[in-house]
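Asks: What follows is the file upload-v1.csv, containing CSV, C-alpha atoms:
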```
chain,number,residue,atom,x,y,z
D,1,MET,CA,-30.6,-3.2,-6.0
D,2,PRO,CA,-27.6,-3.7,-3.7
D,3,THR,CA,-25.2,-1.2,-2.5
D,4,PHE,CA,-21.6,-2.2,-1.9
D,5,VAL,CA,-19.3,-0.3,0.5
D,6,ILE,CA,-15.6,-1.0,0.1
D,7,ASN,CA,-13.0,0.2,2.6
D,8,VAL,CA,-9.2,0.0,1.9
D,9,PRO,CA,-6.6,1.1,4.4
D,10,ALA,CA,-3.6,3.3,3.6
D,11,THR,CA,-0.3,1.6,3.9
D,12,SER,CA,3.3,2.5,4.7
D,13,ALA,CA,5.9,0.4,2.8
D,14,ASN,CA,9.5,-0.5,3.5
D,15,ILE,CA,9.6,0.5,7.2
D,16,GLY,CA,13.3,1.2,6.9
D,17,PRO,CA,15.3,-1.9,5.7
D,18,GLY,CA,12.4,-3.8,4.2
D,19,PHE,CA,12.5,-2.3,0.7
D,20,ASP,CA,9.7,-3.7,-1.4
D,21,VAL,CA,9.1,-6.3,1.3
D,22,MET,CA,7.5,-4.8,4.4
D,23,GLY,CA,4.2,-3.0,4.8
D,24,LEU,CA,1.9,-1.6,7.5
D,25,SER,CA,-1.8,-1.0,7.1
D,26,LEU,CA,-2.9,2.3,8.7
D,27,SER,CA,-6.2,3.7,10.0
D,28,LEU,CA,-6.8,6.0,7.0
D,29,TYR,CA,-9.1,4.8,4.3
D,30,LEU,CA,-10.3,4.9,0.7
D,31,THR,CA,-14.0,4.3,0.7
D,32,VAL,CA,-15.9,3.3,-2.4
D,33,THR,CA,-19.7,3.2,-2.3
D,34,ALA,CA,-21.2,1.5,-5.3
D,35,ASP,CA,-25.0,1.9,-5.8
D,36,VAL,CA,-26.0,-0.8,-8.4
D,37,SER,CA,-28.8,0.1,-10.7
D,38,ASP,CA,-30.8,-1.5,-13.6
D,39,ALA,CA,-30.0,1.3,-16.0
D,40,ALA,CA,-28.4,0.3,-19.3
D,41,ASN,CA,-24.6,0.4,-19.2
D,42,ALA,CA,-24.4,3.5,-17.0
D,43,VAL,CA,-21.4,4.0,-14.8
D,44,THR,CA,-20.9,7.3,-13.0
D,45,ILE,CA,-18.1,8.3,-10.7
D,46,ALA,CA,-18.1,11.2,-8.2
D,47,TYR,CA,-15.3,12.0,-5.7
D,48,GLU,CA,-15.8,13.4,-2.3
D,49,GLY,CA,-13.2,14.8,0.2
D,50,ALA,CA,-10.0,16.7,-0.1
D,51,ASN,CA,-7.7,14.1,-1.8
D,52,SER,CA,-9.4,13.9,-5.2
D,53,ASP,CA,-7.9,16.7,-7.2
D,54,GLY,CA,-7.1,15.6,-10.8
D,55,LEU,CA,-8.5,12.1,-10.4
D,56,PRO,CA,-10.4,11.0,-13.5
D,57,CYS,CA,-14.1,10.3,-13.5
D,58,ASP,CA,-14.0,8.5,-16.8
D,59,PRO,CA,-14.5,4.8,-16.0
D,60,LYS,CA,-12.0,3.8,-18.7
D,61,SER,CA,-9.2,5.9,-17.2
D,62,ASN,CA,-10.0,5.8,-13.5
D,63,LEU,CA,-7.7,3.3,-11.8
D,64,ILE,CA,-10.4,1.8,-9.6
D,65,THR,CA,-12.9,1.1,-12.5
D,66,SER,CA,-10.2,0.1,-15.0
D,67,THR,CA,-8.9,-2.4,-12.6
D,68,ALA,CA,-12.4,-3.7,-12.0
D,69,LEU,CA,-13.0,-4.0,-15.7
D,70,TYR,CA,-9.7,-6.0,-16.2
D,71,VAL,CA,-10.7,-8.4,-13.5
D,72,LEU,CA,-14.2,-8.8,-14.9
D,73,GLN,CA,-13.0,-9.4,-18.4
D,74,CYS,CA,-10.6,-12.1,-17.2
D,75,ASN,CA,-13.8,-13.8,-15.8
D,76,GLY,CA,-15.9,-13.5,-19.0
D,77,ILE,CA,-17.7,-10.3,-18.1
D,78,ASN,CA,-17.1,-7.6,-20.6
D,79,ALA,CA,-18.6,-4.6,-18.9
D,80,LEU,CA,-19.1,-3.0,-15.5
D,81,SER,CA,-22.6,-3.4,-14.1
D,82,SER,CA,-24.5,-0.1,-14.2
D,83,CYS,CA,-23.8,1.7,-11.0
D,84,SER,CA,-23.0,5.0,-9.4
D,85,LEU,CA,-19.7,5.2,-7.5
D,86,ARG,CA,-19.1,7.6,-4.7
D,87,ILE,CA,-15.4,7.7,-3.8
D,88,ASN,CA,-14.2,9.3,-0.6
D,89,ASN,CA,-10.4,9.2,-0.7
D,90,ARG,CA,-8.8,10.1,2.7
D,91,ILE,CA,-5.3,8.9,1.6
D,92,PRO,CA,-3.1,11.8,0.4
D,93,LEU,CA,-2.0,11.3,-3.2
D,94,GLY,CA,1.6,10.9,-4.2
D,95,ARG,CA,2.8,11.0,-0.5
D,96,GLY,CA,4.0,7.5,0.0
D,97,LEU,CA,0.9,6.2,1.8
D,98,GLY,CA,-0.2,3.7,-0.7
D,99,SER,CA,-2.9,5.7,-2.5
D,100,SER,CA,-2.5,3.9,-5.9
D,101,GLY,CA,-2.2,0.5,-4.2
D,102,ALA,CA,-5.5,1.2,-2.3
D,103,ALA,CA,-7.2,2.1,-5.6
D,104,VAL,CA,-6.1,-1.2,-7.2
D,105,VAL,CA,-7.3,-3.2,-4.2
D,106,ALA,CA,-10.6,-1.3,-4.3
D,107,GLY,CA,-11.0,-2.1,-8.0
D,108,VAL,CA,-10.4,-5.8,-7.4
D,109,LEU,CA,-13.0,-5.9,-4.6
D,110,LEU,CA,-15.4,-3.9,-6.7
D,111,ALA,CA,-15.1,-6.5,-9.6
D,112,ASN,CA,-15.5,-9.3,-7.1
D,113,ALA,CA,-18.7,-7.8,-5.8
D,114,LEU,CA,-20.3,-6.7,-9.1
D,115,GLY,CA,-19.5,-9.9,-10.8
D,116,SER,CA,-20.3,-12.2,-7.9
D,117,LEU,CA,-16.9,-13.8,-8.6
D,118,ASN,CA,-16.3,-15.2,-5.1
D,119,LEU,CA,-12.5,-14.8,-5.6
D,120,SER,CA,-10.2,-16.1,-2.9
D,121,ARG,CA,-8.0,-13.6,-1.1
D,122,GLN,CA,-5.0,-15.1,-2.8
D,123,ARG,CA,-6.5,-14.8,-6.2
D,124,MET,CA,-7.4,-11.1,-5.4
D,125,LEU,CA,-3.7,-10.6,-4.6
D,126,ASP,CA,-2.8,-12.1,-8.0
D,127,TYR,CA,-4.9,-9.6,-9.8
D,128,CYS,CA,-3.6,-6.7,-7.7
D,129,LEU,CA,0.0,-7.7,-8.5
D,130,MET,CA,-0.6,-7.7,-12.3
D,131,ILE,CA,-1.3,-4.0,-12.0
D,132,GLU,CA,0.7,-2.8,-8.9
D,133,HIS,CA,4.1,-4.5,-9.4
D,134,HIS,CA,5.3,-4.3,-5.8
D,135,PRO,CA,3.7,-6.5,-3.2
D,136,ASP,CA,4.4,-4.5,0.0
D,137,ASN,CA,1.6,-1.9,-0.3
D,138,VAL,CA,-1.1,-4.1,-1.8
D,139,ALA,CA,-0.5,-7.1,0.4
D,140,ALA,CA,-0.8,-4.9,3.5
D,141,ALA,CA,-3.9,-3.1,2.2
D,142,LEU,CA,-5.6,-6.4,1.3
D,143,VAL,CA,-4.9,-8.4,4.4
D,144,GLY,CA,-4.1,-5.8,7.1
D,145,GLY,CA,-1.5,-5.5,9.8
D,146,PHE,CA,2.3,-5.8,9.6
D,147,VAL,CA,3.0,-7.8,6.5
D,148,ALA,CA,6.0,-9.3,4.8
D,149,SER,CA,5.7,-10.3,1.2
D,150,TYR,CA,7.5,-11.4,-1.9
D,151,LEU,CA,6.7,-11.5,-5.6
D,152,ILE,CA,7.2,-14.0,-8.4
D,153,GLU,CA,8.3,-12.3,-11.6
D,154,VAL,CA,5.6,-12.7,-14.3
D,155,ASP,CA,4.9,-11.5,-17.9
D,156,ARG,CA,2.6,-8.5,-17.7
D,157,SER,CA,2.3,-7.8,-21.5
D,158,GLY,CA,-1.2,-7.2,-22.7
D,159,ASP,CA,-4.0,-4.8,-21.9
D,160,ILE,CA,-3.5,-4.4,-18.2
D,161,PRO,CA,-4.3,-1.2,-16.3
D,162,ALA,CA,-1.3,0.8,-15.2
D,163,SER,CA,-0.8,1.9,-11.6
D,164,GLU,CA,1.5,4.9,-11.2
D,165,ALA,CA,-9.7,-19.8,1.4
D,166,PRO,CA,-12.7,-21.0,-0.3
D,167,PRO,CA,-13.4,-24.7,-0.9
D,168,SER,CA,-11.6,-26.3,-3.8
D,169,ALA,CA,-14.7,-26.5,-5.8
D,170,THR,CA,-15.0,-22.8,-5.8
D,171,LEU,CA,-11.4,-22.5,-7.0
D,172,ASP,CA,-12.1,-25.0,-9.8
D,173,GLU,CA,-15.1,-23.0,-10.9
D,174,GLN,CA,-13.0,-19.8,-10.8
D,175,ARG,CA,-10.3,-21.3,-13.0
D,176,GLU,CA,-12.8,-22.7,-15.5
D,177,ARG,CA,-14.5,-19.2,-15.7
D,178,GLU,CA,-11.1,-17.6,-16.5
D,179,LEU,CA,-10.2,-20.2,-19.1
D,180,ARG,CA,-13.5,-19.7,-20.8
D,181,ALA,CA,-12.9,-16.0,-20.9
D,182,LEU,CA,-9.4,-16.6,-22.4
D,183,ALA,CA,-10.8,-18.9,-25.0
D,184,ALA,CA,-13.3,-16.2,-26.0
D,185,ASP,CA,-10.6,-13.5,-26.1
D,186,ALA,CA,-7.0,-14.6,-26.6
D,187,SER,CA,-5.7,-11.1,-26.0
D,188,LEU,CA,-6.5,-11.3,-22.3
D,189,THR,CA,-3.6,-11.6,-19.9
D,190,LEU,CA,-4.7,-13.8,-17.0
D,191,PRO,CA,-2.7,-13.6,-13.8
D,192,PRO,CA,-0.7,-16.7,-13.1
D,193,GLU,CA,-1.7,-18.3,-9.8
D,194,ASN,CA,0.1,-17.4,-6.6
D,195,ILE,CA,2.1,-14.5,-7.9
D,196,GLY,CA,2.6,-13.0,-4.5
D,197,HIS,CA,3.1,-14.6,-1.1
D,198,PHE,CA,2.8,-13.0,2.3
D,199,VAL,CA,2.9,-13.5,6.1
D,200,GLN,CA,1.2,-11.4,8.7
D,201,LEU,CA,3.7,-10.6,11.5
D,202,GLU,CA,3.0,-9.6,15.0
D,203,CYS,CA,3.0,-5.9,15.9
D,204,SER,CA,2.6,-4.6,19.4
D,205,SER,CA,-0.7,-2.9,20.1
D,206,ALA,CA,1.3,-0.2,22.0
D,207,ILE,CA,2.8,1.1,18.7
D,208,ARG,CA,1.2,3.9,16.7
D,209,ALA,CA,2.3,5.6,13.5
D,210,VAL,CA,3.0,9.3,13.3
D,211,ALA,CA,2.8,10.3,9.6
D,212,VAL,CA,4.3,13.7,8.9
D,213,ILE,CA,3.1,14.6,5.4
D,214,PRO,CA,5.0,17.2,3.4
D,215,GLN,CA,2.6,19.3,1.3
D,216,PHE,CA,4.1,18.3,-2.1
D,217,GLU,CA,3.8,15.1,-4.2
D,218,LEU,CA,6.6,12.8,-5.1
D,219,ALA,CA,6.1,10.5,-8.0
D,220,THR,CA,7.2,6.9,-7.3
D,221,SER,CA,8.9,6.8,-10.7
D,222,LYS,CA,11.1,9.7,-9.6
D,223,ALA,CA,11.9,8.1,-6.3
D,224,ARG,CA,12.8,4.8,-8.0
D,225,ALA,CA,14.9,6.6,-10.6
D,226,ALA,CA,17.1,7.9,-7.7
D,227,LEU,CA,18.2,4.4,-6.8
D,228,PRO,CA,21.4,2.8,-8.0
D,229,SER,CA,21.4,-0.2,-10.3
D,230,THR,CA,23.9,-2.1,-8.1
D,231,TYR,CA,24.7,-2.3,-4.4
D,232,GLU,CA,27.7,-3.0,-2.3
D,233,THR,CA,27.5,-6.4,-0.5
D,234,ARG,CA,28.1,-4.7,2.9
D,235,ASP,CA,25.0,-2.5,2.4
D,236,VAL,CA,22.8,-5.4,1.5
D,237,VAL,CA,24.0,-7.4,4.5
D,238,PHE,CA,23.4,-4.3,6.7
D,239,ASN,CA,19.8,-4.3,5.6
D,240,LEU,CA,19.3,-8.0,5.9
D,241,GLN,CA,20.6,-8.0,9.4
D,242,ARG,CA,18.2,-5.3,10.5
D,243,LEU,CA,15.2,-6.7,8.6
D,244,ALA,CA,15.6,-10.0,10.4
D,245,VAL,CA,15.5,-8.3,13.7
D,246,LEU,CA,12.7,-5.9,12.9
D,247,THR,CA,10.3,-8.6,11.9
D,248,THR,CA,10.3,-9.8,15.6
D,249,ALA,CA,11.1,-6.6,17.5
D,250,LEU,CA,7.9,-4.9,16.5
D,251,GLY,CA,5.9,-7.8,17.8
D,252,ARG,CA,7.2,-7.7,21.4
D,253,LYS,CA,4.6,-6.8,23.9
D,254,CYS,CA,6.9,-4.2,25.4
D,255,PRO,CA,8.8,-2.7,22.4
D,256,ASP,CA,12.6,-2.1,22.9
D,257,PRO,CA,13.2,1.5,21.6
D,258,TRP,CA,16.8,1.2,20.7
D,259,LEU,CA,16.5,-2.3,19.3
D,260,ILE,CA,13.8,-1.1,16.9
D,261,PHE,CA,15.5,2.2,16.2
D,262,ARG,CA,18.6,0.5,15.0
D,263,ALA,CA,16.6,-2.1,13.2
D,264,MET,CA,14.8,0.5,11.1
D,265,GLU,CA,18.1,1.9,9.7
D,266,ASP,CA,18.6,1.5,5.9
D,267,ARG,CA,21.3,1.7,3.3
D,268,VAL,CA,19.3,0.5,0.2
D,269,HIS,CA,16.9,3.3,-0.6
D,270,GLN,CA,16.8,6.1,1.9
D,271,PRO,CA,20.3,7.4,1.4
D,272,TYR,CA,19.6,7.8,-2.3
D,273,ARG,CA,16.2,9.5,-1.8
D,274,MET,CA,17.1,12.0,0.9
D,275,HIS,CA,17.7,14.8,-1.5
D,276,LEU,CA,14.1,14.5,-2.7
D,277,VAL,CA,12.7,15.4,0.8
D,278,PRO,CA,14.4,18.6,2.2
D,279,GLY,CA,15.0,18.1,5.9
D,280,LEU,CA,15.0,14.3,5.9
D,281,PRO,CA,18.8,13.9,6.4
D,282,GLU,CA,18.6,16.1,9.5
D,283,ILE,CA,15.6,14.3,10.9
D,284,LEU,CA,17.2,10.9,10.5
D,285,ALA,CA,20.4,12.1,12.1
D,286,SER,CA,18.9,14.2,14.9
D,287,PHE,CA,16.2,12.2,16.7
D,288,ASN,CA,16.6,9.0,18.7
D,289,PRO,CA,14.9,7.3,21.7
D,290,ASP,CA,17.2,9.1,24.2
D,291,ASN,CA,16.3,12.6,23.1
D,292,THR,CA,12.8,12.0,21.9
D,293,PRO,CA,10.5,10.3,24.5
D,294,GLY,CA,8.2,7.7,23.1
D,295,LEU,CA,10.1,7.3,19.8
D,296,LEU,CA,10.9,3.9,18.4
D,297,GLY,CA,12.1,4.6,14.9
D,298,ILE,CA,11.9,6.9,11.9
D,299,CYS,CA,11.8,6.1,8.2
D,300,LEU,CA,10.6,7.3,4.8
D,301,SER,CA,7.1,6.0,4.2
D,302,GLY,CA,7.2,4.2,0.9
D,303,ALA,CA,8.8,6.3,-1.8
D,304,GLY,CA,8.0,9.5,0.2
D,305,PRO,CA,7.8,12.3,0.9
D,306,THR,CA,5.8,11.3,4.1
D,307,ILE,CA,8.0,10.6,7.1
D,308,LEU,CA,6.8,7.8,9.4
D,309,ALA,CA,7.7,7.7,13.0
D,310,LEU,CA,6.7,4.6,15.1
D,311,ALA,CA,6.1,5.5,18.7
D,312,VAL,CA,4.5,4.4,21.9
D,313,SER,CA,3.8,7.8,23.5
D,314,ASP,CA,4.2,11.6,23.0
D,315,PHE,CA,2.9,11.3,19.5
D,316,ASP,CA,2.0,15.0,19.0
D,317,ALA,CA,5.3,16.1,20.4
D,318,ILE,CA,7.2,13.8,18.1
D,319,ALA,CA,5.2,15.2,15.1
D,320,SER,CA,6.0,18.8,16.2
D,321,LYS,CA,9.7,18.1,16.3
D,322,LEU,CA,9.8,16.6,12.8
D,323,GLN,CA,7.6,19.4,11.5
D,324,ALA,CA,9.9,22.0,12.9
D,325,VAL,CA,12.9,20.6,11.0
D,326,LEU,CA,10.9,20.5,7.8
D,327,ALA,CA,9.8,24.1,8.3
D,328,ARG,CA,13.4,25.2,8.6
D,329,HIS,CA,13.9,23.7,5.1
D,330,ASP,CA,10.8,25.6,3.9
D,331,VAL,CA,8.7,22.5,3.7
D,332,ASP,CA,5.1,22.9,4.8
D,333,SER,CA,3.6,19.8,6.4
D,334,LYS,CA,0.7,18.2,8.2
D,335,TYR,CA,0.6,15.2,10.4
D,336,GLN,CA,-1.7,12.4,11.5
D,337,VAL,CA,-1.4,10.0,14.3
D,338,LEU,CA,-2.6,6.6,13.0
D,339,ASP,CA,-3.3,3.2,14.4
D,340,ILE,CA,-1.8,0.1,12.8
D,341,VAL,CA,-4.9,-1.8,11.8
D,342,SER,CA,-5.1,-5.6,11.8
D,343,GLU,CA,-8.0,-5.8,9.4
D,344,GLY,CA,-7.4,-5.2,5.7
D,345,ALA,CA,-9.7,-4.3,2.8
D,346,SER,CA,-13.4,-5.1,3.2
D,347,CYS,CA,-16.6,-5.1,1.1
D,348,GLU,CA,-20.0,-5.0,2.7
D,349,SER,CA,-23.3,-5.4,0.9
D,350,GLN,CA,-26.3,-3.3,1.9
D,351,SER,CA,-29.7,-4.1,0.5
```
Take the structure I supplied and represent it as structure tokens, if you would.

Replies:
Amino acid sequence: MPTFVINVPATSANIGPGFDVMGLSLSLYLTVTADVSDAANAVTIAYEGANSDGLPCDPKSNLITSTALYVLQCNGINALSSCSLRINNRIPLGRGLGSSGAAVVAGVLLANALGSLNLSRQRMLDYCLMIEHHPDNVAAALVGGFVASYLIEVDRSGDIPASEAPPSATLDEQRERELRALAADASLTLPPENIGHFVQLECSSAIRAVAVIPQFELATSKARAALPSTYETRDVVFNLQRLAVLTTALGRKCPDPWLIFRAMEDRVHQPYRMHLVPGLPEILASFNPDNTPGLLGICLSGAGPTILALAVSDFDAIASKLQAVLARHDVDSKYQVLDIVSEGASCESQS
């Protein structure tokens, strides 16, 4: 019986002004190893590694397997194949590094492998976006690199798990399979086609990501609740100007530190979330390319609390400076220096 090995990278969303738009995939992975067996309807889940506390091992409540089951049901398969799942999650939970998005992507790839669905990458993204309602993390995790994306609003009512190009003949078969499943069970909520759209942007190979990770969790729902319901036009224009520049500035072979530093400024989400991460206001106000060699820019990673610094050198020194500020605010932290990886999620079959 086959064994499938799925790897999904961590991601950092927003990158300053690109709220719910931009994402970077990073060299930190969720790995799911699925050993398929011929036992009758037996699915077991076992977690390995440090970032697994509190994660459910019940296939019905686990985000990876509940996502996989949703995808399979939409394709006329009503149960997971019997298998043993070993999950090694290296992505810290609740830290703004895309742990839930990675789990959703892993679940879609798991369903694709177990059901031999042969889904296109675009159709995989559709399924991801029915569960994870923001495209920045899942698009970057699925396709890799520096990614810009947008989402078409769709109806997600129905029994859908909650998150916290092939030839045309294959696409026709895929659609027919989904329609047959819907005819058999009208309660299914199939993803509309092409919910999300993305482009992969250039990012200089000289740039690495310094992730300074406070040792506390911050729920995305809490971070979103801190945001205002309306914005001043000048603040929206401020972000749009910087976002337009950032999409090109990061791709230059020789990154311009001050151009990127200013382009990573934000007035849409970070000012309203600063109080959730003690020390963040001081960090954003204190460090720049003149007083911090190698630094390109600093931002809150996703909803936080991880602080992401993009840099071309002196990575450990930059991390030490940021950690020192957090320590003065009684925040314990760890850090990792990560590559921006061009390859997204993968699934390999081992006989």

Asks: Which residue is closest to Val32 in chain D? Choose from D:Gln122, D:Thr220, D:Ser346, D:Asn288 and count only C-alpha atoms.

Replies: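 With only C-alpha atoms as the atom set, the closest residue is D:Ser346.
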
Asks: Choose the residue, out of D:Ala42, D:Leu28, D:Ile131, D:Val104, that has the smallest atom-to-atom separation from Leu63 in chain D; count all atoms listed in the file.

Replies: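 Of the candidates, the smallest distance to Leu63 in chain D is held by D:Val104.
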
Asks: Tell me, as a PyMOL selection string, which residues lie within 12 Å of range 81-87 of chain D, counting only C-alpha atoms; anything in the same chain fewer than 5 positions away does not count.

Replies: chain D and resi 1-8+29-52+55-59+62-65+68-69+72+102-103+106-107+110-116

Asks: Measure the distance from CA of Asp332 in chain D to CA of Ile213 in chain D in Å and round it to one decimal.

Replies: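 Going from CA of Asp332 in chain D over to CA of Ile213 in chain D, I get 8.6 Å.
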
Asks: Could you check which of D:Gly18, D:Gly145, D:Pro92, D:Gly98 is closest to Gly251 in chain D, using only C-alpha atoms?

Replies: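 Smallest distance to Gly251 in chain D is found for D:Gly145.
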
Asks: For Pro293 in chain D, list every protein, DNA or RNA residue within 10 Å, evaluated using all atoms listed in the file, and leave out those in the same chain fewer than 6 positions away; present the list as a PyMOL selection string.

Replies: chain D and resi 257+287+311-315+317-318

Asks: For Cys74 in chain D, please output as a ChimeraX atom specification all residues within 8 Å (counting only C-alpha atoms; exclusion window: fewer than 6 positions along the same chain).

Replies: /D:178,181-182,188-190

Asks: Considering only C-alpha atoms, can you say which of D:Ser229, D:Pro17, D:Val108, D:Val212 comes closest to Ser120 in chain D?

Replies: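 Of all the options, D:Val108 lies closest to Ser120 in chain D.
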
Asks: If you measure from CA of Glu176 in chain D to CA of Leu129 in chain D, what distance in Å do you get, rounded to one decimal?

Replies: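 CA of Glu176 in chain D sits 20.9 Å away from CA of Leu129 in chain D.
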
Asks: Record the distance separating CA of Ala141 in chain D and CA of Gly344 in chain D, expressed in Å with one decimal.

Replies: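 We find that CA of Ala141 in chain D and CA of Gly344 in chain D lie 5.4 Å from each other.
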
Asks: Taking all atoms listed in the file into account, which of D:Arg242, D:Asp235, D:Asp20, D:Arg95 comes nearest His133 in chain D?

Replies: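 Ranking D:Arg242, D:Asp235, D:Asp20, D:Arg95 by distance to His133 in chain D, first place goes to D:Asp20.
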
Asks: Taking only C-alpha atoms into account, which of D:Thr306, D:Arg123, D:Leu243, D:Glu193 comes nearest Val71 in chain D?

Replies: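 Nearest to Val71 in chain D: D:Arg123.
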
Asks: Which residues of range 37-141 of chain D come within 12 Å of range 338-342 of chain D, and what is each one's closest atom pair and distance in Å (one decimal), counting only C-alpha atoms, sorted by chain and residue number, as JSON lines?

Replies:
```
{"residue": "D:Ile91", "atom": "CA", "partner": "D:Leu338", "partner_atom": "CA", "distance": 11.9}
{"residue": "D:Leu97", "atom": "CA", "partner": "D:Leu338", "partner_atom": "CA", "distance": 11.7}
{"residue": "D:Ala140", "atom": "CA", "partner": "D:Ser342", "partner_atom": "CA", "distance": 9.4}
{"residue": "D:Ala141", "atom": "CA", "partner": "D:Val341", "partner_atom": "CA", "distance": 9.7}
```
